[in-house]
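*Asks:* Pasting a structure here, questions to come.
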Amino acid sequence: MIKHSVVRLINGLIRHQSIVTYNQTPSVRLGIRSCQFSTGFVKNMSQYSIIERGQPNSLEYRAFFKGPHGNIISPYHDIPLYVNNDKTVFNMVVEVPRWTNAKMEIATGEKMNPIKQDVKKGKLRYVHNCFPHHGYIWNYGALPQTWEDPCHKDEYTGCKGDNDPLDVCEIGYKVRKKGDVVQVKILGTMALIDEGETDWKMLAIDVTDPLASQLSDVDDITKHMPGFIAATYEWFKIYKIPSGKAANEFAFNGEPKNSAFAVEVIKQTHEQWQKLVSKLTDNGGSACENVGVAGSPYLISTDEAQDIVDKTPALGETQPIPSEVDQWHYISLPKNS
């Protein structure tokens, strides 16, 4: 009986995962900003919005998400992974716009998973400018409804997951805004080993980008965007060095894997997320509250989700960014690194 119940629950989650179309009119009032949901597959432009709470550039700052009907949603659990029925186009949640330094991320351990700035030793984290790279060199974010299970040892890297959704580097020309939801196609992936944990970095491009029709795999990036793969490798290799840490390591000697390989990683981590949100595995400290995942034990009402937001500080005055964030760092690595 238990086995059949689990199967029905997983099947319900999979059915819920099929194409979802949002048609939301953005709210225009203090603390709410429209976020683009770019689309080449849905005739009507759809939109999400974020509600900013607390003082920007402070420890209390949070950006919560509003969904299709103007209610609070979780960007981690309620935004569908797949855009089309063929499962070839994916939603990406932008956490960090290109050229910025603040290390913003989905707060996986907080209810409704707002975007917040990462903190280390009580201080807000900013990535260093490692010459010639200023801030993040792509729009950086996450694939919703994926989870790198910290109890699962990856067969290729030999390391366990990092307890986060999959990271995405979107390489199109547009500079996106924090909280944008972008439809992307996956071109490949790189396997970063971050402090002993598997940390996949998906390489993707906005489906509306002029180059999108010419890019289908990592080899196409090399052909049409020469130097970009090498720059991405270097960025991840050196970005922690100014903080006194060693250079990062990669699986596969730093070589990117192709799109087919990347899609298989996405499928695996989506299955791991299904177990997570179904309460069929240890949640690793993840907050799994959601308002739209059919059959999930973590399902809550829209009123409960709104109450979570209402208990946080109201949007306040933007705090200054420390001047040292603009500092350049010059990193030299051995030629064979």
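All residue names refer to the structure tokens as shown: chains lettered A, B, ... in order, residues numbered from 1 in each chain, ligands numbered from 1 in order.
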Mind checking DSSP for stretch 84-297 of chain A and telling me the alpha helix (DSSP H) residues as an MDAnalysis selection string?

*Replies:* chainID A and resid 218:224 228:238 259:277

*Asks:* Restricting the output to N, CA, C and O atoms, write the selected residues as a compact mmCIF listing (two decimals), in the first residue's frame.

*Replies:*
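As written to disk, part-v9.txt reads:
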```
# COMPACT_ATOMS: atom_id res chain seq x y z
N VAL A 218 28.15 23.00 -26.85
CA VAL A 218 29.34 23.75 -26.42
C VAL A 218 30.25 24.08 -27.59
O VAL A 218 30.90 25.14 -27.60
N ASP A 219 30.33 23.22 -28.58
CA ASP A 219 31.18 23.49 -29.74
C ASP A 219 30.71 24.73 -30.48
O ASP A 219 31.52 25.47 -31.07
N ASP A 220 29.40 24.97 -30.46
CA ASP A 220 28.87 26.16 -31.11
C ASP A 220 29.27 27.43 -30.36
O ASP A 220 29.45 28.48 -30.98
N ILE A 221 29.39 27.34 -29.04
CA ILE A 221 29.85 28.50 -28.27
C ILE A 221 31.27 28.85 -28.69
O ILE A 221 31.61 30.02 -28.92
N THR A 222 32.12 27.84 -28.80
CA THR A 222 33.51 28.06 -29.23
C THR A 222 33.57 28.68 -30.61
O THR A 222 34.39 29.56 -30.88
N LYS A 223 32.68 28.24 -31.49
CA LYS A 223 32.68 28.73 -32.87
C LYS A 223 32.19 30.17 -32.97
O LYS A 223 32.82 31.01 -33.65
N HIS A 224 31.09 30.48 -32.32
CA HIS A 224 30.46 31.79 -32.48
C HIS A 224 30.82 32.78 -31.38
O HIS A 224 30.61 33.99 -31.56
N PHE A 228 34.90 32.51 -24.94
CA PHE A 228 33.92 32.57 -23.85
C PHE A 228 34.03 31.36 -22.91
O PHE A 228 33.92 31.51 -21.70
N ILE A 229 34.23 30.18 -23.46
CA ILE A 229 34.38 29.00 -22.62
C ILE A 229 35.63 29.13 -21.75
O ILE A 229 35.61 28.83 -20.54
N ALA A 230 36.72 29.58 -22.36
CA ALA A 230 37.96 29.75 -21.61
C ALA A 230 37.79 30.79 -20.50
O ALA A 230 38.30 30.62 -19.38
N ALA A 231 37.07 31.87 -20.79
CA ALA A 231 36.84 32.91 -19.79
C ALA A 231 35.98 32.37 -18.64
O ALA A 231 36.23 32.69 -17.47
N THR A 232 35.00 31.54 -18.97
CA THR A 232 34.14 30.95 -17.94
C THR A 232 34.94 30.02 -17.03
O THR A 232 34.81 30.05 -15.81
N TYR A 233 35.78 29.20 -17.65
CA TYR A 233 36.65 28.31 -16.87
C TYR A 233 37.54 29.13 -15.95
O TYR A 233 37.66 28.83 -14.75
N GLU A 234 38.18 30.16 -16.48
CA GLU A 234 39.08 30.98 -15.68
C GLU A 234 38.34 31.66 -14.53
O GLU A 234 38.83 31.71 -13.40
N TRP A 235 37.15 32.17 -14.82
CA TRP A 235 36.39 32.87 -13.79
C TRP A 235 36.15 31.96 -12.59
O TRP A 235 36.41 32.33 -11.44
N PHE A 236 35.62 30.77 -12.85
CA PHE A 236 35.33 29.84 -11.75
C PHE A 236 36.61 29.35 -11.09
O PHE A 236 36.63 29.06 -9.88
N LYS A 237 37.68 29.25 -11.85
CA LYS A 237 38.94 28.76 -11.30
C LYS A 237 39.52 29.72 -10.26
O LYS A 237 40.01 29.31 -9.21
N ILE A 238 39.42 31.02 -10.52
CA ILE A 238 40.17 31.99 -9.72
C ILE A 238 39.34 32.88 -8.80
O ILE A 238 39.91 33.60 -7.98
N SER A 259 25.52 19.25 -24.56
CA SER A 259 24.15 19.54 -24.14
C SER A 259 23.39 18.27 -23.72
O SER A 259 22.62 18.29 -22.76
N ALA A 260 23.62 17.17 -24.43
CA ALA A 260 22.93 15.92 -24.09
C ALA A 260 23.32 15.46 -22.69
O ALA A 260 22.46 15.02 -21.90
N PHE A 261 24.57 15.57 -22.36
CA PHE A 261 25.05 15.22 -21.02
C PHE A 261 24.41 16.14 -19.99
O PHE A 261 23.93 15.69 -18.94
N ALA A 262 24.39 17.44 -20.29
CA ALA A 262 23.83 18.42 -19.36
C ALA A 262 22.35 18.14 -19.08
O ALA A 262 21.89 18.24 -17.93
N VAL A 263 21.61 17.80 -20.12
CA VAL A 263 20.18 17.53 -19.95
C VAL A 263 19.96 16.31 -19.06
O VAL A 263 19.01 16.27 -18.27
N GLU A 264 20.84 15.32 -19.16
CA GLU A 264 20.72 14.15 -18.29
C GLU A 264 20.97 14.53 -16.83
O GLU A 264 20.31 14.01 -15.92
N VAL A 265 21.91 15.44 -16.59
CA VAL A 265 22.15 15.93 -15.23
C VAL A 265 20.90 16.64 -14.72
O VAL A 265 20.49 16.47 -13.57
N ILE A 266 20.27 17.44 -15.58
CA ILE A 266 19.05 18.15 -15.18
C ILE A 266 17.95 17.15 -14.82
O ILE A 266 17.27 17.31 -13.80
N LYS A 267 17.78 16.12 -15.64
CA LYS A 267 16.76 15.12 -15.36
C LYS A 267 17.00 14.46 -14.01
O LYS A 267 16.06 14.25 -13.21
N GLN A 268 18.24 14.12 -13.75
CA GLN A 268 18.57 13.45 -12.48
C GLN A 268 18.29 14.36 -11.29
O GLN A 268 17.70 13.93 -10.29
N THR A 269 18.69 15.62 -11.38
CA THR A 269 18.49 16.54 -10.25
C THR A 269 17.01 16.93 -10.12
O THR A 269 16.57 17.28 -9.03
N HIS A 270 16.27 16.88 -11.21
CA HIS A 270 14.82 17.11 -11.12
C HIS A 270 14.15 15.95 -10.35
O HIS A 270 13.27 16.17 -9.51
N GLU A 271 14.59 14.73 -10.62
CA GLU A 271 14.08 13.58 -9.88
C GLU A 271 14.44 13.68 -8.40
O GLU A 271 13.64 13.34 -7.52
N GLN A 272 15.63 14.17 -8.11
CA GLN A 272 16.03 14.36 -6.72
C GLN A 272 15.16 15.42 -6.05
O GLN A 272 14.78 15.28 -4.88
N TRP A 273 14.83 16.48 -6.80
CA TRP A 273 13.92 17.51 -6.27
C TRP A 273 12.53 16.93 -6.00
O TRP A 273 11.91 17.27 -4.98
N GLN A 274 12.05 16.06 -6.89
CA GLN A 274 10.73 15.46 -6.68
C GLN A 274 10.69 14.69 -5.37
O GLN A 274 9.70 14.76 -4.62
N LYS A 275 11.75 13.97 -5.06
CA LYS A 275 11.81 13.25 -3.78
C LYS A 275 11.88 14.24 -2.61
O LYS A 275 11.27 14.01 -1.56
N LEU A 276 12.62 15.32 -2.81
CA LEU A 276 12.75 16.34 -1.77
C LEU A 276 11.39 16.94 -1.42
O LEU A 276 10.99 16.97 -0.24
N VAL A 277 10.66 17.39 -2.43
CA VAL A 277 9.40 18.09 -2.19
C VAL A 277 8.27 17.12 -1.84
O VAL A 277 7.21 17.53 -1.36
```

*Asks:* Show which residues sit within 12 Å of stretch 314-328 of chain A, as a PyMOL selection string. Count only C-alpha atoms, and ignore same-chain residues fewer than 2 positions away.

*Replies:* chain A and resi 29-33+50-64+99-103+123-135+239+242+309-312+330-331

*Asks:* Could you state the separation of atom CA of A:Ser286 and atom CA of A:Glu110 in Å, given to one decimal place?

*Replies:*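 Atom CA of A:Glu110 lies 7.5 Å from atom CA of A:Ser286.
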
*Asks:* Find the distance between atom CA of A:Met202 and atom CA of A:Ile186 and write it in Å to one decimal.

*Replies:* 7.0 Å

*Asks:* Considering only C-alpha atoms, state which residue in the set A:Gly172, A:Gly70, A:Pro144, A:Gly179 is at the smallest distance from A:Met104.

*Replies:*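 Closest to A:Met104 of all the choices is A:Gly179.
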
*Asks:* What lies within 8 Å of A:Asp78 using only C-alpha atoms, ignoring chain neighbours under 4 positions off, as a list in words?

*Replies:*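 Everything that qualifies: Ile73, Ser74, Pro144, Gln145, Asn290, Val291, Gly292 and Val293 of chain A.
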
*Asks:* Write out, as an mmCIF file, in the first residue's frame, the residues just selected, with C-alpha atoms.

*Replies:*
```cif
data_model
loop_
_atom_site.group_PDB
_atom_site.id
_atom_site.type_symbol
_atom_site.label_atom_id
_atom_site.label_comp_id
_atom_site.auth_asym_id
_atom_site.auth_seq_id
_atom_site.Cartn_x
_atom_site.Cartn_y
_atom_site.Cartn_z
ATOM 1 C CA ILE A 73 5.107 31.715 -4.771
ATOM 2 C CA SER A 74 8.396 29.925 -4.240
ATOM 3 C CA PRO A 144 13.880 25.755 -10.479
ATOM 4 C CA GLN A 145 12.686 22.331 -9.374
ATOM 5 C CA ASN A 290 5.073 25.804 -1.792
ATOM 6 C CA VAL A 291 1.628 26.828 -3.017
ATOM 7 C CA GLY A 292 1.326 24.807 -6.204
ATOM 8 C CA VAL A 293 3.063 21.423 -6.178
#
```

*Asks:* Taking only stretch 24-252 of chain A into account, list the residues labelled strand (DSSP E or B) by DSSP (computed from the backbone), as a short mmCIF file (atom, residue, chain, number, x, y, z; two decimals) with N, CA and C atoms, in the first residue's frame.

*Replies:*
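For reference, part_22.cif as written:
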```cif
data_model
loop_
_atom_site.label_atom_id
_atom_site.label_comp_id
_atom_site.auth_asym_id
_atom_site.auth_seq_id
_atom_site.Cartn_x
_atom_site.Cartn_y
_atom_site.Cartn_z
N ILE A 32 7.32 46.48 -5.24
CA ILE A 32 7.01 45.44 -6.21
C ILE A 32 7.58 45.84 -7.55
N ARG A 33 8.38 44.97 -8.15
CA ARG A 33 8.98 45.27 -9.44
C ARG A 33 8.67 44.16 -10.43
N SER A 34 8.30 44.56 -11.64
CA SER A 34 8.01 43.58 -12.68
C SER A 34 9.28 42.88 -13.12
N CYS A 35 9.19 41.56 -13.32
CA CYS A 35 10.32 40.77 -13.77
C CYS A 35 9.92 40.06 -15.06
N GLN A 36 10.72 40.19 -16.08
CA GLN A 36 10.37 39.63 -17.38
C GLN A 36 10.45 38.11 -17.38
N PHE A 37 9.48 37.50 -18.02
CA PHE A 37 9.46 36.06 -18.28
C PHE A 37 9.50 35.93 -19.78
N SER A 38 10.73 35.92 -20.36
CA SER A 38 10.85 35.98 -21.81
C SER A 38 10.32 34.70 -22.44
N SER A 46 4.28 36.94 -20.62
CA SER A 46 3.89 36.67 -19.23
C SER A 46 4.91 37.31 -18.31
N GLN A 47 4.51 37.52 -17.09
CA GLN A 47 5.40 38.19 -16.16
C GLN A 47 5.27 37.64 -14.76
N TYR A 48 6.42 37.63 -14.08
CA TYR A 48 6.47 37.46 -12.64
C TYR A 48 6.81 38.83 -12.07
N SER A 49 6.75 38.97 -10.79
CA SER A 49 7.25 40.18 -10.15
C SER A 49 7.89 39.80 -8.84
N ILE A 50 8.74 40.68 -8.36
CA ILE A 50 9.34 40.46 -7.04
C ILE A 50 8.85 41.53 -6.08
N ILE A 51 8.73 41.17 -4.83
CA ILE A 51 8.41 42.11 -3.77
C ILE A 51 9.66 42.25 -2.91
N GLU A 52 10.22 43.43 -2.89
CA GLU A 52 11.45 43.66 -2.14
C GLU A 52 11.10 44.06 -0.71
N ARG A 53 11.80 43.45 0.22
CA ARG A 53 11.58 43.71 1.64
C ARG A 53 12.93 44.00 2.31
N ARG A 62 15.34 40.97 1.33
CA ARG A 62 14.79 39.78 0.69
C ARG A 62 13.97 40.21 -0.53
N ALA A 63 13.97 39.38 -1.57
CA ALA A 63 13.14 39.60 -2.74
C ALA A 63 12.25 38.37 -2.91
N PHE A 64 10.98 38.52 -2.55
CA PHE A 64 10.01 37.44 -2.69
C PHE A 64 9.38 37.49 -4.08
N PHE A 65 8.80 36.38 -4.50
CA PHE A 65 8.23 36.27 -5.84
C PHE A 65 6.71 36.23 -5.80
N LYS A 66 6.10 36.94 -6.77
CA LYS A 66 4.67 36.82 -7.01
C LYS A 66 4.47 36.01 -8.29
N ILE A 72 1.92 35.08 -3.57
CA ILE A 72 3.32 34.72 -3.30
C ILE A 72 3.57 33.28 -3.71
N ILE A 73 4.69 33.06 -4.37
CA ILE A 73 5.11 31.72 -4.77
C ILE A 73 6.56 31.50 -4.37
N TYR A 82 10.32 22.86 -16.78
CA TYR A 82 10.18 22.73 -18.23
C TYR A 82 9.17 23.74 -18.77
N PHE A 90 13.89 25.47 -20.87
CA PHE A 90 13.84 25.46 -19.42
C PHE A 90 13.66 26.88 -18.87
N ASN A 91 13.02 26.97 -17.73
CA ASN A 91 12.96 28.24 -17.01
C ASN A 91 14.22 28.43 -16.18
N MET A 92 14.72 29.63 -16.19
CA MET A 92 15.86 30.01 -15.36
C MET A 92 15.46 31.20 -14.50
N VAL A 93 15.78 31.15 -13.22
CA VAL A 93 15.55 32.27 -12.32
C VAL A 93 16.86 33.05 -12.19
N VAL A 94 16.86 34.31 -12.59
CA VAL A 94 18.07 35.13 -12.51
C VAL A 94 18.26 35.62 -11.08
N GLU A 95 19.39 35.25 -10.51
CA GLU A 95 19.75 35.71 -9.17
C GLU A 95 20.71 36.90 -9.24
N VAL A 96 21.64 36.85 -10.18
CA VAL A 96 22.67 37.88 -10.29
C VAL A 96 22.75 38.39 -11.73
N ALA A 102 27.32 41.57 -6.18
CA ALA A 102 26.62 41.02 -5.00
C ALA A 102 26.25 39.57 -5.25
N MET A 104 24.00 37.23 -4.86
CA MET A 104 22.59 36.98 -4.54
C MET A 104 22.24 35.53 -4.86
N GLU A 105 21.32 34.96 -4.08
CA GLU A 105 20.96 33.57 -4.30
C GLU A 105 19.59 33.26 -3.69
N ILE A 106 18.94 32.26 -4.26
CA ILE A 106 17.69 31.79 -3.69
C ILE A 106 17.98 31.23 -2.30
N ILE A 115 15.01 35.61 -2.75
CA ILE A 115 16.41 35.87 -3.09
C ILE A 115 16.99 36.77 -2.00
N LYS A 116 18.17 36.41 -1.53
CA LYS A 116 18.87 37.23 -0.55
C LYS A 116 20.36 37.25 -0.91
N GLN A 117 21.11 38.11 -0.25
CA GLN A 117 22.55 38.14 -0.49
C GLN A 117 23.24 37.18 0.47
N VAL A 119 25.90 35.52 2.92
CA VAL A 119 26.60 36.11 4.05
C VAL A 119 27.71 35.17 4.51
N LYS A 120 28.85 35.73 4.82
CA LYS A 120 29.95 34.94 5.37
C LYS A 120 30.58 35.72 6.51
N LYS A 123 29.11 39.11 7.23
CA LYS A 123 29.21 40.17 6.24
C LYS A 123 28.62 39.73 4.90
N LEU A 124 28.05 40.68 4.19
CA LEU A 124 27.52 40.40 2.87
C LEU A 124 28.64 40.01 1.92
N TYR A 126 30.41 39.67 -1.73
CA TYR A 126 30.54 40.22 -3.08
C TYR A 126 31.67 39.47 -3.78
N ASN A 129 36.53 41.40 -8.38
CA ASN A 129 36.83 41.67 -9.78
C ASN A 129 38.22 41.14 -10.09
N CYS A 130 38.27 39.96 -10.69
CA CYS A 130 39.55 39.34 -11.04
C CYS A 130 39.86 39.71 -12.49
N ASN A 139 24.62 36.39 -16.94
CA ASN A 139 23.47 36.42 -16.03
C ASN A 139 23.48 35.08 -15.31
N TYR A 140 23.54 35.13 -14.00
CA TYR A 140 23.76 33.92 -13.20
C TYR A 140 22.50 33.62 -12.40
N GLY A 141 22.13 32.36 -12.36
CA GLY A 141 20.92 32.01 -11.63
C GLY A 141 20.77 30.53 -11.41
N ALA A 142 19.53 30.08 -11.36
CA ALA A 142 19.25 28.69 -10.99
C ALA A 142 18.12 28.11 -11.83
N LYS A 153 26.11 10.62 -4.18
CA LYS A 153 27.45 10.75 -4.74
C LYS A 153 27.37 10.63 -6.25
N LYS A 160 29.50 14.36 -3.52
CA LYS A 160 28.08 14.54 -3.25
C LYS A 160 27.62 15.92 -3.70
N GLY A 161 26.29 16.07 -3.81
CA GLY A 161 25.72 17.33 -4.25
C GLY A 161 25.88 18.44 -3.23
N ASP A 167 22.98 25.54 -10.85
CA ASP A 167 23.38 26.88 -11.27
C ASP A 167 23.37 27.00 -12.79
N VAL A 168 23.07 28.21 -13.27
CA VAL A 168 23.01 28.46 -14.71
C VAL A 168 23.78 29.73 -15.05
N CYS A 169 24.59 29.65 -16.09
CA CYS A 169 25.25 30.81 -16.67
C CYS A 169 24.56 31.10 -18.00
N GLU A 170 23.78 32.19 -18.05
CA GLU A 170 23.07 32.54 -19.28
C GLU A 170 23.94 33.51 -20.06
N VAL A 181 12.67 35.77 -14.91
CA VAL A 181 12.53 34.35 -15.24
C VAL A 181 12.67 34.25 -16.75
N VAL A 182 13.71 33.58 -17.19
CA VAL A 182 14.09 33.57 -18.60
C VAL A 182 13.99 32.16 -19.16
N GLN A 183 13.42 32.04 -20.34
CA GLN A 183 13.37 30.74 -21.00
C GLN A 183 14.67 30.51 -21.76
N VAL A 184 15.34 29.40 -21.46
CA VAL A 184 16.67 29.15 -22.02
C VAL A 184 16.73 27.75 -22.62
N LYS A 185 17.70 27.59 -23.53
CA LYS A 185 18.05 26.24 -23.96
C LYS A 185 19.44 25.93 -23.44
N ILE A 186 19.65 24.68 -23.11
CA ILE A 186 20.88 24.24 -22.47
C ILE A 186 21.90 23.85 -23.55
N LEU A 187 23.12 24.38 -23.40
CA LEU A 187 24.18 24.15 -24.39
C LEU A 187 25.26 23.19 -23.88
N GLY A 188 25.36 23.06 -22.58
CA GLY A 188 26.39 22.19 -22.01
C GLY A 188 26.52 22.44 -20.53
N THR A 189 27.55 21.88 -19.94
CA THR A 189 27.76 22.07 -18.50
C THR A 189 29.23 21.88 -18.14
N MET A 190 29.63 22.52 -17.04
CA MET A 190 30.95 22.32 -16.46
C MET A 190 30.74 21.81 -15.04
N ALA A 191 31.64 20.95 -14.58
CA ALA A 191 31.51 20.35 -13.26
C ALA A 191 32.54 20.93 -12.31
N LEU A 192 32.13 21.91 -11.55
CA LEU A 192 33.00 22.50 -10.54
C LEU A 192 32.98 21.63 -9.28
N ILE A 193 34.12 21.43 -8.68
CA ILE A 193 34.21 20.75 -7.40
C ILE A 193 34.49 21.83 -6.36
N ASP A 194 33.45 22.20 -5.63
CA ASP A 194 33.52 23.33 -4.70
C ASP A 194 33.60 22.82 -3.27
N GLU A 197 32.34 19.34 -2.94
CA GLU A 197 30.98 19.06 -3.36
C GLU A 197 30.82 19.27 -4.86
N THR A 198 29.94 18.48 -5.48
CA THR A 198 29.63 18.64 -6.89
C THR A 198 28.78 19.89 -7.08
N ASP A 199 29.20 20.75 -7.99
CA ASP A 199 28.49 22.00 -8.23
C ASP A 199 28.43 22.24 -9.74
N TRP A 200 27.42 21.62 -10.38
CA TRP A 200 27.28 21.74 -11.84
C TRP A 200 26.98 23.17 -12.24
N LYS A 201 27.60 23.62 -13.32
CA LYS A 201 27.34 24.94 -13.89
C LYS A 201 26.79 24.75 -15.30
N MET A 202 25.49 24.96 -15.44
CA MET A 202 24.86 24.82 -16.75
C MET A 202 25.19 26.03 -17.63
N LEU A 203 25.49 25.79 -18.89
CA LEU A 203 25.71 26.85 -19.87
C LEU A 203 24.46 26.93 -20.73
N ALA A 204 23.85 28.12 -20.79
CA ALA A 204 22.57 28.25 -21.46
C ALA A 204 22.46 29.60 -22.16
N ILE A 205 21.47 29.71 -23.05
CA ILE A 205 21.22 30.97 -23.73
C ILE A 205 19.73 31.23 -23.82
N ASP A 206 19.35 32.46 -23.62
CA ASP A 206 17.97 32.92 -23.76
C ASP A 206 17.48 32.54 -25.16
N GLU A 249 38.72 23.47 -8.24
CA GLU A 249 39.00 22.31 -9.06
C GLU A 249 37.77 21.95 -9.89
N PHE A 250 38.01 21.22 -10.97
CA PHE A 250 36.94 20.78 -11.86
C PHE A 250 37.05 19.28 -12.09
#
```

*Asks:* Can you measure atom CA of A:Asn283 to atom CA of A:Lys111 for me? One decimal in Å is fine.

*Replies:* 13.1 Å
